file coords17.cif (mmCIF, C-alpha atoms and all ligand atoms)
data_data
#
loop_
_atom_site.label_atom_id
_atom_site.label_comp_id
_atom_site.auth_asym_id
_atom_site.auth_seq_id
_atom_site.Cartn_x
_atom_site.Cartn_y
_atom_site.Cartn_z
CA MET A 17 10.47 180.51 167.95
CA VAL A 18 10.48 178.55 171.22
CA ALA A 19 9.28 179.73 174.61
CA ARG A 20 11.58 181.74 176.82
CA ARG A 21 13.77 179.55 178.99
CA ALA A 22 17.23 179.59 180.62
CA ARG A 23 20.36 178.80 178.66
CA VAL A 24 23.86 178.26 180.04
CA ALA A 25 25.82 181.40 179.24
CA GLY A 26 28.94 180.80 181.34
CA TRP A 27 30.64 178.29 183.60
CA GLY A 28 33.38 178.36 186.21
CA LYS A 29 34.90 176.31 188.98
CA TYR A 30 37.26 176.55 191.90
CA VAL A 31 38.99 173.75 193.76
CA PRO A 32 41.41 174.27 196.64
CA ALA A 33 45.11 173.79 195.89
CA ASN A 34 45.64 171.26 198.68
CA VAL A 35 45.55 167.70 197.24
CA VAL A 36 45.05 164.79 199.66
CA THR A 37 45.79 161.42 198.08
CA ASN A 38 44.56 158.02 199.19
CA ARG A 39 48.11 157.27 200.25
CA ASP A 40 48.09 160.38 202.48
CA LEU A 41 44.93 159.07 204.18
CA SER A 42 46.40 155.61 204.65
CA GLU A 43 49.10 157.15 206.84
CA THR A 44 46.58 158.06 209.54
CA LEU A 45 43.68 155.66 208.87
CA ASP A 46 43.27 151.90 208.52
CA THR A 47 42.65 152.15 204.77
CA SER A 48 44.54 151.74 201.50
CA ASP A 49 44.77 153.24 198.03
CA GLU A 50 43.64 149.88 196.64
CA TRP A 51 40.47 149.77 198.82
CA ILE A 52 39.44 153.34 198.05
CA ARG A 53 40.12 153.10 194.31
CA SER A 54 38.45 149.75 193.82
CA ARG A 55 35.32 150.60 195.88
CA THR A 56 34.87 154.20 194.73
CA GLY A 57 37.19 155.15 191.86
CA ILE A 58 38.56 158.02 193.96
CA ALA A 59 42.33 158.64 193.80
CA GLU A 60 42.55 162.04 195.48
CA ARG A 61 40.44 164.94 196.71
CA ARG A 62 40.93 168.64 197.48
CA VAL A 63 40.77 170.03 201.01
CA ALA A 64 40.13 173.71 201.70
CA GLY A 65 42.87 175.74 203.36
CA SER A 66 42.32 177.29 206.80
CA ASP A 67 41.55 180.66 205.14
CA GLU A 68 38.92 179.12 202.83
CA ALA A 69 35.25 178.23 203.29
CA THR A 70 32.21 177.62 201.13
CA ALA A 71 31.49 181.28 200.34
CA SER A 72 35.06 182.09 199.33
CA MET A 73 35.23 179.11 196.95
CA ALA A 74 31.75 179.87 195.59
CA THR A 75 32.71 183.48 194.94
CA ILE A 76 35.72 182.50 192.82
CA ALA A 77 33.71 179.92 190.85
CA GLY A 78 30.96 182.51 190.32
CA ARG A 79 33.43 185.17 189.18
CA ASN A 80 34.95 182.73 186.69
CA ALA A 81 31.51 181.84 185.31
CA LEU A 82 30.57 185.52 184.90
CA ALA A 83 33.84 186.13 183.03
CA VAL A 84 33.10 183.31 180.57
CA ALA A 85 29.58 184.68 180.06
CA ASN A 86 30.95 188.22 179.74
CA VAL A 87 28.34 189.34 182.26
CA ALA A 88 29.05 192.09 184.80
CA ALA A 89 28.29 191.26 188.44
CA GLU A 90 25.90 194.23 188.55
CA ASP A 91 23.79 192.57 185.86
CA VAL A 92 23.04 189.45 187.92
CA ASP A 93 19.42 189.37 189.14
CA CYS A 94 19.79 186.52 191.63
CA VAL A 95 22.54 184.40 193.20
CA LEU A 96 21.50 180.87 194.19
CA VAL A 97 24.00 178.79 196.15
CA ALA A 98 23.35 175.08 196.54
CA THR A 99 25.17 173.89 199.64
CA CYS A 100 24.74 171.82 202.77
CA THR A 101 28.00 173.11 204.25
CA PRO A 102 27.24 176.84 204.52
CA ASP A 103 29.64 179.25 206.19
CA TYR A 104 26.96 179.97 208.83
CA SER A 105 23.48 178.74 209.76
CA MET A 106 22.52 182.30 208.92
CA PRO A 107 22.94 184.39 206.89
CA ALA A 108 22.86 182.34 203.70
CA THR A 109 26.17 181.70 201.96
CA ALA A 110 24.64 183.28 198.85
CA ASN A 111 24.48 186.66 200.63
CA LEU A 112 28.24 186.51 201.23
CA VAL A 113 28.84 185.52 197.61
CA GLN A 114 26.60 188.33 196.32
CA ALA A 115 28.63 190.86 198.32
CA GLY A 116 31.97 189.27 197.36
CA LEU A 117 31.10 189.47 193.67
CA GLY A 118 29.73 193.01 193.86
CA ALA A 119 26.40 191.76 192.50
CA THR A 120 24.81 194.86 193.97
CA ARG A 121 21.39 194.48 192.32
CA ALA A 122 20.96 190.74 192.93
CA GLY A 123 18.79 188.87 195.38
CA ALA A 124 20.47 185.89 197.04
CA CYS A 125 19.53 182.71 198.87
CA ASP A 126 20.79 179.19 199.55
CA ILE A 127 19.23 175.91 198.50
CA ASN A 128 19.87 172.80 200.55
CA ALA A 129 19.06 169.55 198.81
CA ALA A 130 22.49 168.07 199.69
CA CYS A 131 24.14 166.40 196.69
CA SER A 132 21.04 166.99 194.53
CA GLY A 133 21.12 170.69 195.36
CA PHE A 134 22.74 172.01 192.21
CA VAL A 135 20.13 170.48 189.90
CA TYR A 136 17.36 171.79 192.19
CA ALA A 137 18.93 175.27 192.07
CA LEU A 138 19.14 175.11 188.27
CA ALA A 139 15.46 174.19 188.12
CA LEU A 140 14.55 177.14 190.34
CA GLY A 141 16.72 179.56 188.38
CA ASP A 142 15.22 178.31 185.12
CA SER A 143 11.67 178.61 186.49
CA CYS A 144 12.25 182.21 187.59
CA ILE A 145 13.59 183.06 184.14
CA ARG A 146 10.65 181.34 182.43
CA ALA A 147 8.25 183.24 184.69
CA GLY A 148 9.85 186.53 183.70
CA LEU A 149 11.04 187.34 187.23
CA PHE A 150 14.76 187.33 186.33
CA ARG A 151 16.90 187.46 183.20
CA THR A 152 20.28 186.48 184.66
CA VAL A 153 20.76 184.01 187.50
CA LEU A 154 24.09 182.82 188.88
CA VAL A 155 23.70 179.25 190.11
CA ILE A 156 26.53 177.89 192.25
CA GLY A 157 27.16 174.53 193.93
CA ALA A 158 29.79 174.80 196.68
CA GLU A 159 30.79 172.58 199.58
CA THR A 160 33.42 172.28 202.30
CA PHE A 161 32.78 168.70 203.41
CA SER A 162 36.25 168.49 204.95
CA ARG A 163 34.79 170.52 207.86
CA ILE A 164 31.94 168.09 208.57
CA VAL A 165 33.47 164.66 208.01
CA ASP A 166 34.86 162.66 210.89
CA TRP A 167 38.50 162.24 209.93
CA ASN A 168 38.61 159.16 212.19
CA ASP A 169 35.79 157.41 210.29
CA ARG A 170 37.34 155.62 207.31
CA ALA A 171 33.89 154.68 205.96
CA THR A 172 33.03 158.32 205.20
CA CYS A 173 36.05 160.65 205.29
CA VAL A 174 37.79 159.03 202.30
CA LEU A 175 34.78 159.77 200.09
CA PHE A 176 34.37 163.53 200.22
CA GLY A 177 36.18 166.62 198.97
CA ASP A 178 35.83 170.40 198.74
CA GLY A 179 35.18 172.70 195.78
CA ALA A 180 32.75 174.90 193.89
CA GLY A 181 31.25 175.15 190.41
CA ALA A 182 28.94 177.71 188.83
CA LEU A 183 26.76 178.32 185.80
CA VAL A 184 25.34 181.61 184.57
CA LEU A 185 21.76 181.19 183.37
CA ARG A 186 20.33 183.78 180.98
CA ALA A 187 17.00 184.17 179.30
CA THR A 188 16.84 182.94 175.71
CA ASP A 189 14.19 182.37 173.09
CA GLU A 190 16.44 180.01 171.13
CA ASP A 191 16.43 176.23 171.27
CA TYR A 192 19.15 176.00 173.94
CA GLY A 193 19.16 175.54 177.68
CA LEU A 194 17.08 173.69 180.23
CA LEU A 195 14.41 171.67 178.45
CA ALA A 196 13.06 169.53 181.29
CA THR A 197 13.62 168.79 184.96
CA THR A 198 12.41 166.19 187.42
CA VAL A 199 12.87 166.31 191.19
CA GLY A 200 11.94 164.04 194.08
CA SER A 201 12.31 163.33 197.78
CA ASP A 202 11.90 160.50 200.26
CA GLY A 203 12.31 162.11 203.67
CA SER A 204 11.27 158.89 205.39
CA ARG A 205 14.85 157.74 204.76
CA ALA A 206 16.56 160.86 206.10
CA ASP A 207 18.52 158.82 208.64
CA LEU A 208 20.60 157.12 205.91
CA LEU A 209 22.83 160.16 205.42
CA LEU A 210 22.78 163.01 207.89
CA VAL A 211 24.59 165.25 210.35
CA PRO A 212 22.54 164.77 213.52
CA GLY A 213 23.90 167.58 215.71
CA GLY A 214 23.99 171.35 215.49
CA GLY A 215 20.44 172.00 214.22
CA SER A 216 17.23 172.81 216.08
CA ARG A 217 16.62 169.09 216.77
CA MET A 218 19.90 168.64 218.64
CA PRO A 219 21.56 171.99 219.37
CA ALA A 220 25.31 172.13 219.92
CA SER A 221 26.40 171.20 223.43
CA ALA A 222 29.47 169.73 225.06
CA SER A 223 27.95 166.26 224.75
CA THR A 224 27.05 166.59 221.04
CA ILE A 225 30.65 167.55 220.39
CA GLU A 226 32.02 164.75 222.53
CA ASP A 227 29.77 162.25 220.71
CA ARG A 228 30.90 163.61 217.29
CA LEU A 229 27.31 164.35 216.32
CA HIS A 230 28.28 167.32 214.15
CA MET A 231 29.80 165.04 211.56
CA VAL A 232 28.46 163.08 208.60
CA ARG A 233 26.89 159.70 209.33
CA MET A 234 26.01 157.41 206.46
CA ASP A 235 24.71 153.94 205.77
CA GLY A 236 26.87 153.55 202.66
CA ARG A 237 25.35 150.29 201.41
CA GLU A 238 21.78 151.60 201.55
CA VAL A 239 22.70 154.88 199.88
CA PHE A 240 24.50 152.90 197.17
CA ARG A 241 21.41 150.76 196.58
CA PHE A 242 19.19 153.85 196.40
CA ALA A 243 21.57 155.60 193.98
CA VAL A 244 21.86 152.78 191.45
CA GLY A 245 18.06 152.53 191.35
CA VAL A 246 17.19 156.21 191.14
CA LEU A 247 19.74 157.39 188.57
CA PRO A 248 18.46 155.38 185.57
CA ARG A 249 14.85 156.11 186.54
CA ILE A 250 15.20 159.91 186.66
CA THR A 251 17.40 159.93 183.57
CA GLU A 252 14.73 158.10 181.57
CA GLN A 253 12.05 160.43 182.96
CA VAL A 254 13.84 163.60 182.02
CA ILE A 255 14.82 162.32 178.58
CA ALA A 256 11.18 161.52 177.85
CA ALA A 257 10.06 164.91 179.17
CA ALA A 258 12.55 166.62 176.82
CA GLY A 259 11.22 164.61 173.87
CA TRP A 260 14.57 162.84 173.46
CA THR A 261 15.50 159.18 173.25
CA LEU A 262 18.56 157.68 174.91
CA ASP A 263 20.30 157.73 171.53
CA ASP A 264 19.97 161.51 171.44
CA VAL A 265 22.00 161.96 174.63
CA ASP A 266 25.56 163.20 174.01
CA LEU A 267 26.77 163.37 177.62
CA PHE A 268 25.52 161.94 180.92
CA VAL A 269 26.81 163.97 183.85
CA ALA A 270 25.74 162.31 187.09
CA HIS A 271 26.61 163.35 190.63
CA GLN A 272 30.19 162.23 191.15
CA ALA A 273 29.99 160.13 194.31
CA ASN A 274 31.33 156.76 193.24
CA VAL A 275 32.40 155.52 189.80
CA ARG A 276 30.64 152.20 190.46
CA ILE A 277 27.31 154.03 190.87
CA ILE A 278 27.83 155.97 187.63
CA GLN A 279 28.89 152.86 185.72
CA SER A 280 25.94 150.87 187.02
CA ALA A 281 23.51 153.58 185.91
CA ALA A 282 25.18 153.87 182.50
CA ARG A 283 24.99 150.09 182.06
CA SER A 284 21.28 150.00 182.95
CA LEU A 285 20.63 152.78 180.46
CA GLY A 286 22.84 151.26 177.77
CA LEU A 287 24.99 154.39 177.53
CA PRO A 288 28.50 153.77 176.16
CA ASP A 289 31.56 155.08 178.05
CA GLU A 290 32.14 157.95 175.61
CA LYS A 291 28.77 159.40 176.63
CA VAL A 292 29.45 159.20 180.37
CA TYR A 293 31.46 161.84 182.21
CA VAL A 294 33.60 160.84 185.19
CA ASN A 295 36.03 162.95 187.23
CA VAL A 296 35.39 161.51 190.69
CA HIS A 297 38.97 160.16 190.71
CA ARG A 298 40.28 163.75 190.98
CA TYR A 299 37.95 165.29 193.54
CA GLY A 300 35.97 162.61 195.39
CA ASN A 301 32.38 163.50 196.23
CA THR A 302 32.02 167.29 196.34
CA SER A 303 28.25 167.03 196.91
CA ALA A 304 26.39 169.97 195.35
CA ALA A 305 29.58 171.12 193.61
CA SER A 306 30.22 167.89 191.74
CA ILE A 307 27.94 168.43 188.71
CA PRO A 308 29.01 172.01 187.89
CA ILE A 309 32.70 171.11 188.36
CA ALA A 310 32.16 168.12 186.06
CA LEU A 311 30.48 170.34 183.43
CA CYS A 312 33.41 172.78 183.48
CA GLU A 313 35.90 169.96 183.01
CA ALA A 314 33.84 168.24 180.34
CA TYR A 315 33.87 171.52 178.40
CA GLU A 316 37.64 171.95 178.93
CA GLU A 317 38.15 168.40 177.63
CA GLY A 318 36.20 169.13 174.45
CA ARG A 319 33.25 166.91 175.37
CA LEU A 320 30.59 169.64 175.22
CA HIS A 321 29.74 171.53 172.04
CA ASP A 322 27.02 173.90 170.89
CA GLY A 323 23.85 171.86 170.79
CA SER A 324 25.13 168.91 172.88
CA ALA A 325 22.26 167.06 174.56
CA VAL A 326 23.27 166.70 178.21
CA VAL A 327 21.58 164.93 181.10
CA LEU A 328 22.43 166.06 184.64
CA ALA A 329 21.40 163.68 187.42
CA GLY A 330 21.90 164.17 191.14
CA PHE A 331 21.03 162.14 194.23
CA GLY A 332 21.89 162.23 197.89
CA SER A 333 20.90 162.99 201.44
CA GLY A 334 17.21 163.58 202.00
CA LEU A 335 16.87 161.24 200.38
CA SER A 336 16.67 163.55 197.38
CA TRP A 337 17.10 163.38 193.64
CA ALA A 338 16.88 165.66 190.61
CA ALA A 339 17.68 165.48 186.89
CA SER A 340 17.70 167.95 184.01
CA ALA A 341 17.85 167.72 180.24
CA LEU A 342 20.02 170.52 178.94
CA ARG A 343 20.85 171.67 175.42
CA TRP A 344 24.39 173.10 175.85
CA GLY A 345 25.36 176.42 174.31
CA PRO A 346 25.55 178.54 172.36
CA THR A 347 29.17 179.49 172.93
CA PRO A 348 29.40 182.89 174.66
CA GLY A 349 29.66 185.79 172.25
CA ARG A 350 27.38 184.21 169.63
CA VAL A 351 24.07 185.30 171.07
CA GLY A 352 22.54 188.34 172.75
CA LEU A 353 19.98 188.68 175.48
CA ILE A 354 16.33 188.92 174.55
CA ALA A 355 16.21 192.22 176.49
CA PRO A 356 18.84 194.50 178.08
CA PRO A 357 20.13 193.46 181.51
CA GLY A 358 18.47 194.69 184.69
CA ASN A 359 17.32 193.60 188.10
CA ALA A 360 13.80 192.46 187.35
CA PHE A 361 11.98 191.78 184.14
CA GLN A 362 10.00 194.77 182.98
CA ASP A 363 8.04 194.19 179.82
O1 LIG B 1 26.39 161.85 197.65
C1 LIG B 1 25.84 160.63 198.04
C2 LIG B 1 26.71 160.16 199.10
N1 LIG B 1 27.05 158.85 199.30
C3 LIG B 1 27.29 157.86 198.42
O2 LIG B 1 27.08 157.92 197.25
C4 LIG B 1 27.85 156.60 198.99
C5 LIG B 1 27.22 155.36 198.47
N2 LIG B 1 27.90 154.19 199.02
C6 LIG B 1 29.12 153.81 198.59
O3 LIG B 1 29.70 154.45 197.70
C7 LIG B 1 29.71 152.56 199.15
O4 LIG B 1 28.75 151.91 199.95
C8 LIG B 1 30.98 152.80 200.00
C9 LIG B 1 32.12 153.24 199.11
C10 LIG B 1 30.71 153.89 201.04
C11 LIG B 1 31.40 151.54 200.72
O5 LIG B 1 31.62 150.50 199.78
P1 LIG B 1 31.01 149.05 200.06
O6 LIG B 1 31.51 148.19 198.97
O7 LIG B 1 29.54 149.23 200.20
O8 LIG B 1 31.70 148.65 201.40
P2 LIG B 1 31.02 148.30 202.81
O9 LIG B 1 30.45 149.52 203.46
O10 LIG B 1 30.12 147.12 202.61
O11 LIG B 1 32.28 147.83 203.64
C12 LIG B 1 33.04 146.69 203.28
C13 LIG B 1 34.20 146.55 204.24
C14 LIG B 1 33.80 146.69 205.71
O12 LIG B 1 34.60 145.80 206.44
P3 LIG B 1 33.99 144.38 206.91
O13 LIG B 1 32.81 144.74 207.77
O14 LIG B 1 33.61 143.67 205.66
O15 LIG B 1 35.14 143.77 207.66
C15 LIG B 1 34.20 148.10 206.06
O16 LIG B 1 34.51 148.26 207.44
O17 LIG B 1 35.15 147.62 204.00
C16 LIG B 1 35.44 148.28 205.23
N3 LIG B 1 35.78 149.67 204.95
C17 LIG B 1 37.00 150.07 204.60
N4 LIG B 1 38.16 149.41 204.47
C18 LIG B 1 39.25 150.10 204.10
C19 LIG B 1 34.94 150.74 204.93
N5 LIG B 1 35.63 151.84 204.60
C20 LIG B 1 36.92 151.45 204.39
C21 LIG B 1 38.09 152.11 204.01
N6 LIG B 1 39.23 151.42 203.88
N7 LIG B 1 38.11 153.46 203.77
#
call {"tool": "encode", "arguments": {"input": "coords17.cif", "output": "C-alpha cells"}}
result
Amino acid sequence: MVARRARVAGWGKYVPANVVTNRDLSETLDTSDEWIRSRTGIAERRVAGSDEATASMATIAGRNALAVANVAAEDVDCVLVATCTPDYSMPATANLVQAGLGATRAGACDINAACSGFVYALALGDSCIRAGLFRTVLVIGAETFSRIVDWNDRATCVLFGDGAGALVLRATDEDYGLLATTVGSDGSRADLLLVPGGGSRMPASASTIEDRLHMVRMDGREVFRFAVGVLPRITEQVIAAAGWTLDDVDLFVAHQANVRIIQSAARSLGLPDEKVYVNVHRYGNTSAASIPIALCEAYEEGRLHDGSAVVLAGFGSGLSWAASALRWGPTPGRVGLIAPPGNAFQD
C-alpha cells in the first residue's frame, strides 16, 4: 500500500477551429513559412473566434476530461485554472469555468505561473489531495494568447496560439499518479518575457494603448538560453526524486514552445526521439495549455499506457519552471475512489 496521492483519472482538450498557417501570416508580416518552421518547428496555430475566450475554451476542455473520468461536475471539489490570459483581472477564470460546468460544490481559483502554470497547478492539486482537503480536482491550462500578442511584431506573434487542456485528479492509494514535483522561480529576470501594461504597475491609459504596452514583449534569445538550460536540470531532479533513472522514462512531455528547445533538452538527457513528445507544429506555443493538450494527443496517438512513466516539464515567463514525474493511469473504469465523492474530505 502506498500513501494517498493524486492520479490522473481523465483528460480533455479544446482547440479553436480557426487554423492560421505560417503562409497566412506571411501575407501580412515580413516572415516566411521557412523561417518559422526552421527556427521553431511551428507550422500552424489555432486562433480563438470572436465569441471565444479563455473560460469558454477551459470549460469545454474540463467537460471533456470529466467525461473521460466518468465524474459528475457536482463531484468536483476544486477547479484550478492555470492561465496568464484570464477573461478578466477579476474574478478568476476558474470561477467562470466552475459555473459553466455546473461544479456547484467546487471551490475555484486561478494560478498564474505563465507557461509553467499547468505543472504548478498539478502540484497544488496533488498536494491538496495528499493533505486530505480534496478528493477530486479539475486542473485546467487555458490561454488566449492571440488577444495579447502584437500582430505587427513578427518576433512574437508567429510563436503563440490558443487552446485549453485539462486533467481530472482523484485520490488514489495505488502506485499511480504524481510521484514527485519540483518548482522554481527567478523573478530577477521578469523583464525577459512580460506584458508591461494593464496591471497595477502601469494601469491602462491612452498612452499605454498607443505604445502597445498591453502586448507580449520578449527577449527570445535569452529565453531560449534559459529554457535549454533549465529543462534538463529539472527533468533530472524530478526523475531522481521519483526514484527513477532516465532509462525508466517512457515519455518526456515538455512545454511546447519551440521544437529546437525540446530537442536540445532531449539530446542533453540522452532521450531518444520515441520517448519525446512534440506537437508544437500543430498549435504553436499555447503557454499553460501546451502540456495538457500534448498529454491528450499523446494518449490519442497510443503513446501513453497504464503505468507509463511520464515527465512533464514547463518553463516560461517569471522566469518560472516546474516539472513532475507522473505514473499514467489506470485507464478509467478500472479503479474506484478510496472514498465516495464529496466536497471536502471527511474521515
Ligand atoms: O513559453 C516560453 C516562451 N518563449 C520561448 O520559448 C521563446 C524562446 N526563444 C525562441 O524560441 C527563439 O529565440 C525565437 C524563435 C523567438 C527566435 O529565434 P532565433 O533563432 O533566436 O532568432 P533571433 O531572435 O536571433 O532573430 C534572428 C533574425 C533577426 O533578424 P536579424 O537581426 O538577424 O536581421 C530577426 O529580426 O530573424 C529575424 N526574425 C524573423 N524573420 C522572419 C525574427 N522573427 C522573424 C520572423 N520571420 N517571424
call {"tool": "closest_atom_pairs", "arguments": {"input": "coords17.cif", "of": "chain A", "to": "ligand LIG 1 (chain B)", "cutoff": "7 Å", "atoms": "all atoms listed in the file", "output": "Markdown table"}}
result
| residue | atom | partner | partner_atom | distance |
| --- | --- | --- | --- | --- |
| A:Asp46 | CA | B:LIG1 | N6 | 6.2 |
| A:Thr47 | CA | B:LIG1 | N6 | 3.6 |
| A:Ser48 | CA | B:LIG1 | N6 | 5.8 |
| A:Trp51 | CA | B:LIG1 | C18 | 5.4 |
| A:Ile52 | CA | B:LIG1 | N7 | 5.9 |
| A:Arg55 | CA | B:LIG1 | C9 | 5.3 |
| A:Thr56 | CA | B:LIG1 | C9 | 5.3 |
| A:Cys131 | CA | B:LIG1 | O1 | 5.2 |
| A:Arg170 | CA | B:LIG1 | N7 | 4.2 |
| A:Ala171 | CA | B:LIG1 | N5 | 3.6 |
| A:Thr172 | CA | B:LIG1 | C10 | 6.5 |
| A:Val174 | CA | B:LIG1 | N7 | 5.8 |
| A:Gly236 | CA | B:LIG1 | O4 | 3.7 |
| A:Arg237 | CA | B:LIG1 | O4 | 4.0 |
| A:Val239 | CA | B:LIG1 | C5 | 4.8 |
| A:Phe240 | CA | B:LIG1 | C5 | 3.9 |
| A:Ala243 | CA | B:LIG1 | O2 | 6.8 |
| A:Ala273 | CA | B:LIG1 | O2 | 4.7 |
| A:Asn274 | CA | B:LIG1 | O3 | 5.3 |
| A:Asn301 | CA | B:LIG1 | O1 | 6.4 |
| A:Ser303 | CA | B:LIG1 | O1 | 5.6 |
| A:Phe331 | CA | B:LIG1 | C1 | 6.3 |
| A:Gly332 | CA | B:LIG1 | C1 | 4.3 |
| A:Ser333 | CA | B:LIG1 | C1 | 6.4 |
call {"tool": "closest_residue", "arguments": {"input": "coords17.cif", "among": "A:Thr197, A:Asp166, A:Asp263, A:Ala88", "to": "Leu140 in chain A", "atoms": "all atoms listed in the file"}}
result
A:Thr197
call {"tool": "residues_near_point", "arguments": {"input": "coords17.cif", "point": "(36.0, 176.4, 192.9)", "cutoff": "7 Å", "atoms": "all atoms listed in the file", "output": "PyMOL selection string"}}
result
chain A and resi 29-32+73-74+76-77+179-181
call {"tool": "closest_residue", "arguments": {"input": "coords17.cif", "among": "A:Thr224, A:Ser340, A:Asn295, A:Thr75", "to": "Pro212 in chain A", "atoms": "all atoms listed in the file"}}
result
A:Thr224
call {"tool": "residues_near_point", "arguments": {"input": "coords17.cif", "point": "(29.2, 159.1, 207.3)", "cutoff": "10 Å", "atoms": "all atoms listed in the file", "output": "list in words"}}
result
Ile164, Val165, Asp166, Asp169, Arg170, Ala171, Thr172, Cys173, Val174, Leu175, Phe176, Leu208, Leu209, Leu210, Val211, Met231, Val232, Arg233, Met234, Asp235 and Gly236 of chain A
call {"tool": "residues_around", "arguments": {"input": "coords17.cif", "residues": "Thr70 in chain A", "least_positions_apart": "2", "cutoff": "10 Å", "atoms": "all atoms listed in the file", "output": "ChimeraX atom specification"}}
result
/A:64,68,72-75,97,99-104,109-110,112-113,157-161,178-180
call {"tool": "atom_distance", "arguments": {"input": "coords17.cif", "atom1": "CA of Trp167 in chain A", "atom2": "CA of Leu229 in chain A"}}
result
13.1 Å
call {"tool": "closest_residue", "arguments": {"input": "coords17.cif", "among": "A:Ala59, A:Asn168, A:Leu183, A:Gly28", "to": "Val95 in chain A", "atoms": "only C-alpha atoms"}}
result
A:Leu183
